[in-house]
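Participant: This is the structure I have questions about; it appears just below.
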Amino acid sequence: MKDETVQVGASTLLAGLLPLHFPIHDSDGNCIVIEFTDGKAMVYNNPVSVLTNQPEFPWHLENLRNYTSLSPYDANEATFNGYAVTQTGHGSGLSGLPGDPPPPSRFVRATVMTSFAAPVTTLDAGTHLAFHIVNTVDIPKGLVACNQANKSILPDIDYTQWVTVRDAARKIYSVRFHQSQQVRSINLTELKQSGQQNGEPFRLLAKSSHYELTS
């Protein structure tokens, strides 16, 4: 990075979608974002620990200014020309939260979810919470389709093919695929100790206090 010469191996599809964005997290919860803009590697501190695709990361942070009214608390009663009204149901504090699939909306949604969700006290609970949050930005097959009149490098149908949750403290990598809601987990430390890291890891038994899963 300091030499300003970086090579990124990518498929033809990904190469056509440049610039790419890379989030990097450590086990203490710190996060940075690396982006390549106009041929230069840009490194940003990520105070919200959320990243989606286009546009560039600073734009997403600036866009959060449009959602300062969001709150986990119900909205107060309002009066219009002397007529008092109350909310229809719980959750009115989140009215205006974008629910569409494009990256800017998913960035806002994930940031709000991670900010307002009740804190957890164990790593297993953190994994469960992470999957609940990514469920809110999951795209089912068929929901997003390319307009045939405007063909581009993008696939005809865009959907969430897989979801991953990484437990950086215990080095447990969990994944869920589109075809199944079952979570598969691999303890990378145990995998290394087993000497089978060059084999087929998803065939190994992955264990944690709540998981005992195989592929």
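Every chain in the structure tokens has a letter given in the order shown (A, B, ...), and although residue numbers restart at 1 in each chain, ligands are simply numbered from 1 in the order shown.
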What's the 12 Å shell around stretch 125-130 of chain A, counting only C-alpha atoms, without same-chain residues fewer than 5 positions away, as an NGL selection string?
Facilitator: :A and (50 or 110 or 113-114 or 116-120 or 135-137 or 163-175 or 183-185 or 208-211)
Participant: Can you pull out the residues contacting A:Gly29? Cut-off 9 Å, using only C-alpha atoms, and skip same-chain residues under 3 positions away; I want them as a list in words.
Facilitator: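 Final neighbour list, sorted by chain and number: His25, Asp26, Ser49 and Ala168 of chain A.
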Participant: Include N, CA, C and O atoms and write out the residues we just selected as an mmCIF file, in the first residue's frame.
Facilitator:
data_model
loop_
_atom_site.group_PDB
_atom_site.id
_atom_site.type_symbol
_atom_site.label_atom_id
_atom_site.label_comp_id
_atom_site.auth_asym_id
_atom_site.auth_seq_id
_atom_site.Cartn_x
_atom_site.Cartn_y
_atom_site.Cartn_z
ATOM 1 N N HIS A 25 -11.343 -5.430 9.324
ATOM 2 C CA HIS A 25 -11.692 -5.356 10.744
ATOM 3 C C HIS A 25 -10.637 -6.094 11.559
ATOM 4 O O HIS A 25 -10.022 -7.049 11.078
ATOM 5 N N ASP A 26 -10.444 -5.674 12.797
ATOM 6 C CA ASP A 26 -9.606 -6.459 13.704
ATOM 7 C C ASP A 26 -10.448 -6.949 14.874
ATOM 8 O O ASP A 26 -11.634 -6.622 14.996
ATOM 9 N N SER A 49 -18.375 1.038 10.922
ATOM 10 C CA SER A 49 -18.082 -0.385 10.662
ATOM 11 C C SER A 49 -19.049 -1.024 9.667
ATOM 12 O O SER A 49 -19.363 -2.209 9.769
ATOM 13 N N ALA A 168 -13.798 -12.609 14.709
ATOM 14 C CA ALA A 168 -12.356 -12.356 14.648
ATOM 15 C C ALA A 168 -11.643 -12.766 15.924
ATOM 16 O O ALA A 168 -10.461 -13.117 15.894
#
Participant: Check the smallest atom-to-atom distance from each of A:Asp124, A:Pro104, A:Asn147, A:Asp3 to A:Glu62 using only C-alpha atoms, then report the winner.
Facilitator: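 Looking at the shortest contact to A:Glu62, the residue is A:Pro104.
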Participant: What gap, in Å, lies between atom CA of A:Tyr73 and atom CA of A:Leu97?
Facilitator: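 According to the coordinates, atom CA of A:Tyr73 and atom CA of A:Leu97 are separated by 13.5 Å.
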Participant: Check the DSSP output for the backbone and give back, as an MDAnalysis selection string, the residues of chain A in strand (DSSP E or B).
Facilitator: chainID A and resid 21:25 31:37 40:45 78:80 83:85 144:145 157:158 162:167 172:177 184:187 206:207 212:213
Participant: Could you find all residues in stretch 40-126 of chain A that DSSP calls alpha helix (DSSP H) from the backbone, and write them as a list of chain:residue names?
Facilitator: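 Across stretch 40-126 of chain A, those assigned alpha helix (DSSP H) are A:Phe57, A:Pro58, A:Trp59, A:His60, A:Leu61, A:Glu62, A:Asn63, A:Pro103, A:Pro104, A:Ser105, A:Arg106, A:Phe107, A:Val108, A:Arg109, A:Ala110, A:Thr111, A:Val112, A:Met113, A:Thr114, A:Ser115, A:Phe116, A:Leu123, A:Asp124, A:Ala125, A:Gly126.
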Participant: Convert the current residue selection to file output with N, CA, C and O atoms, as a CSV table (one decimal), in the first residue's frame.
Facilitator:
chain,number,residue,atom,x,y,z
A,57,PHE,N,-16.8,5.6,-0.3
A,57,PHE,CA,-17.2,5.5,1.1
A,57,PHE,C,-17.5,6.9,1.8
A,57,PHE,O,-18.5,7.0,2.5
A,58,PRO,N,-16.7,7.9,1.5
A,58,PRO,CA,-17.0,9.2,2.2
A,58,PRO,C,-18.5,9.7,1.8
A,58,PRO,O,-19.1,10.3,2.6
A,59,TRP,N,-18.9,9.4,0.6
A,59,TRP,CA,-20.3,9.8,0.2
A,59,TRP,C,-21.3,9.1,1.2
A,59,TRP,O,-22.3,9.7,1.6
A,60,HIS,N,-21.1,7.8,1.5
A,60,HIS,CA,-22.1,7.1,2.4
A,60,HIS,C,-22.1,7.8,3.7
A,60,HIS,O,-23.2,7.9,4.3
A,61,LEU,N,-21.0,8.1,4.3
A,61,LEU,CA,-21.0,8.8,5.6
A,61,LEU,C,-21.7,10.1,5.5
A,61,LEU,O,-22.5,10.5,6.4
A,62,GLU,N,-21.5,10.9,4.5
A,62,GLU,CA,-22.2,12.2,4.3
A,62,GLU,C,-23.7,12.0,4.2
A,62,GLU,O,-24.5,12.7,4.7
A,63,ASN,N,-24.1,10.9,3.5
A,63,ASN,CA,-25.5,10.6,3.3
A,63,ASN,C,-26.3,10.3,4.6
A,63,ASN,O,-27.5,10.5,4.7
A,103,PRO,N,-27.1,0.0,-3.0
A,103,PRO,CA,-26.1,0.1,-1.9
A,103,PRO,C,-26.3,1.3,-1.0
A,103,PRO,O,-26.1,1.1,0.3
A,104,PRO,N,-26.6,2.5,-1.4
A,104,PRO,CA,-26.8,3.6,-0.4
A,104,PRO,C,-27.9,3.2,0.6
A,104,PRO,O,-27.7,3.5,1.8
A,105,SER,N,-29.0,2.6,0.2
A,105,SER,CA,-30.0,2.3,1.2
A,105,SER,C,-29.6,1.1,2.1
A,105,SER,O,-29.9,1.2,3.3
A,106,ARG,N,-28.9,0.2,1.6
A,106,ARG,CA,-28.4,-0.9,2.4
A,106,ARG,C,-27.4,-0.4,3.4
A,106,ARG,O,-27.3,-0.9,4.6
A,107,PHE,N,-26.6,0.6,3.0
A,107,PHE,CA,-25.6,1.2,4.0
A,107,PHE,C,-26.3,1.8,5.2
A,107,PHE,O,-26.0,1.6,6.3
A,108,VAL,N,-27.3,2.6,4.9
A,108,VAL,CA,-28.1,3.3,5.9
A,108,VAL,C,-28.8,2.2,6.8
A,108,VAL,O,-28.7,2.3,8.0
A,109,ARG,N,-29.4,1.2,6.2
A,109,ARG,CA,-30.1,0.2,6.9
A,109,ARG,C,-29.2,-0.5,7.9
A,109,ARG,O,-29.5,-0.7,9.1
A,110,ALA,N,-28.1,-1.0,7.4
A,110,ALA,CA,-27.1,-1.7,8.2
A,110,ALA,C,-26.5,-0.9,9.3
A,110,ALA,O,-26.3,-1.4,10.4
A,111,THR,N,-26.3,0.4,9.0
A,111,THR,CA,-25.7,1.3,10.0
A,111,THR,C,-26.7,1.5,11.2
A,111,THR,O,-26.4,1.5,12.3
A,112,VAL,N,-28.0,1.7,10.8
A,112,VAL,CA,-29.0,1.9,11.8
A,112,VAL,C,-29.2,0.7,12.6
A,112,VAL,O,-29.3,0.7,13.9
A,113,MET,N,-29.3,-0.5,12.0
A,113,MET,CA,-29.5,-1.8,12.7
A,113,MET,C,-28.3,-2.0,13.7
A,113,MET,O,-28.6,-2.4,14.8
A,114,THR,N,-27.1,-1.8,13.3
A,114,THR,CA,-26.0,-2.1,14.2
A,114,THR,C,-25.9,-1.0,15.3
A,114,THR,O,-25.3,-1.3,16.4
A,115,SER,N,-26.4,0.2,15.0
A,115,SER,CA,-26.4,1.2,16.0
A,115,SER,C,-27.4,1.0,17.1
A,115,SER,O,-27.2,1.3,18.3
A,116,PHE,N,-28.6,0.6,16.7
A,116,PHE,CA,-29.7,0.5,17.6
A,116,PHE,C,-30.0,-0.8,18.2
A,116,PHE,O,-30.7,-0.9,19.2
A,123,LEU,N,-19.8,-13.8,22.5
A,123,LEU,CA,-19.4,-13.9,21.1
A,123,LEU,C,-20.5,-14.7,20.3
A,123,LEU,O,-20.8,-14.4,19.2
A,124,ASP,N,-21.0,-15.8,20.9
A,124,ASP,CA,-22.1,-16.5,20.2
A,124,ASP,C,-23.3,-15.6,19.9
A,124,ASP,O,-23.9,-15.7,18.8
A,125,ALA,N,-23.7,-14.8,20.9
A,125,ALA,CA,-24.8,-13.9,20.7
A,125,ALA,C,-24.5,-12.9,19.7
A,125,ALA,O,-25.4,-12.5,18.9
A,126,GLY,N,-23.2,-12.5,19.6
A,126,GLY,CA,-22.8,-11.5,18.6
A,126,GLY,C,-23.0,-12.1,17.2
A,126,GLY,O,-23.4,-11.5,16.2
Participant: Atom CA of A:Asp156 and atom CA of A:Val144, how far apart in Å?
Facilitator: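 So the two atoms, atom CA of A:Val144 and atom CA of A:Asp156, lie 8.6 Å apart.
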Participant: So, counting only C-alpha atoms, which residue among A:Ser69, A:Gln193, A:Gln181, A:Thr52 is closest to A:Phe131?
Facilitator: A:Gln181
Participant: Of the residues A:Asp74, A:Ile34, A:Met42, A:Asp100, which is the one nearest to A:Gln87, using only C-alpha atoms?
Facilitator: A:Asp74
Participant: So that I can check the surroundings of A:Gln161, please list as a list in words every protein, DNA and RNA residue that reaches within 8 Å of it, counting only C-alpha atoms and ignoring chain neighbours fewer than 2 positions away.
Facilitator: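 Close residues of A:Gln161: Tyr159, Val163, Phe177 and His178 of chain A.
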Participant: In Å, rounded to a single decimal, give me how far atom CA of A:Ser180 is from atom CA of A:His132.
Facilitator: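 Computing the Euclidean distance for atom CA of A:His132 and atom CA of A:Ser180 yields 15.2 Å.
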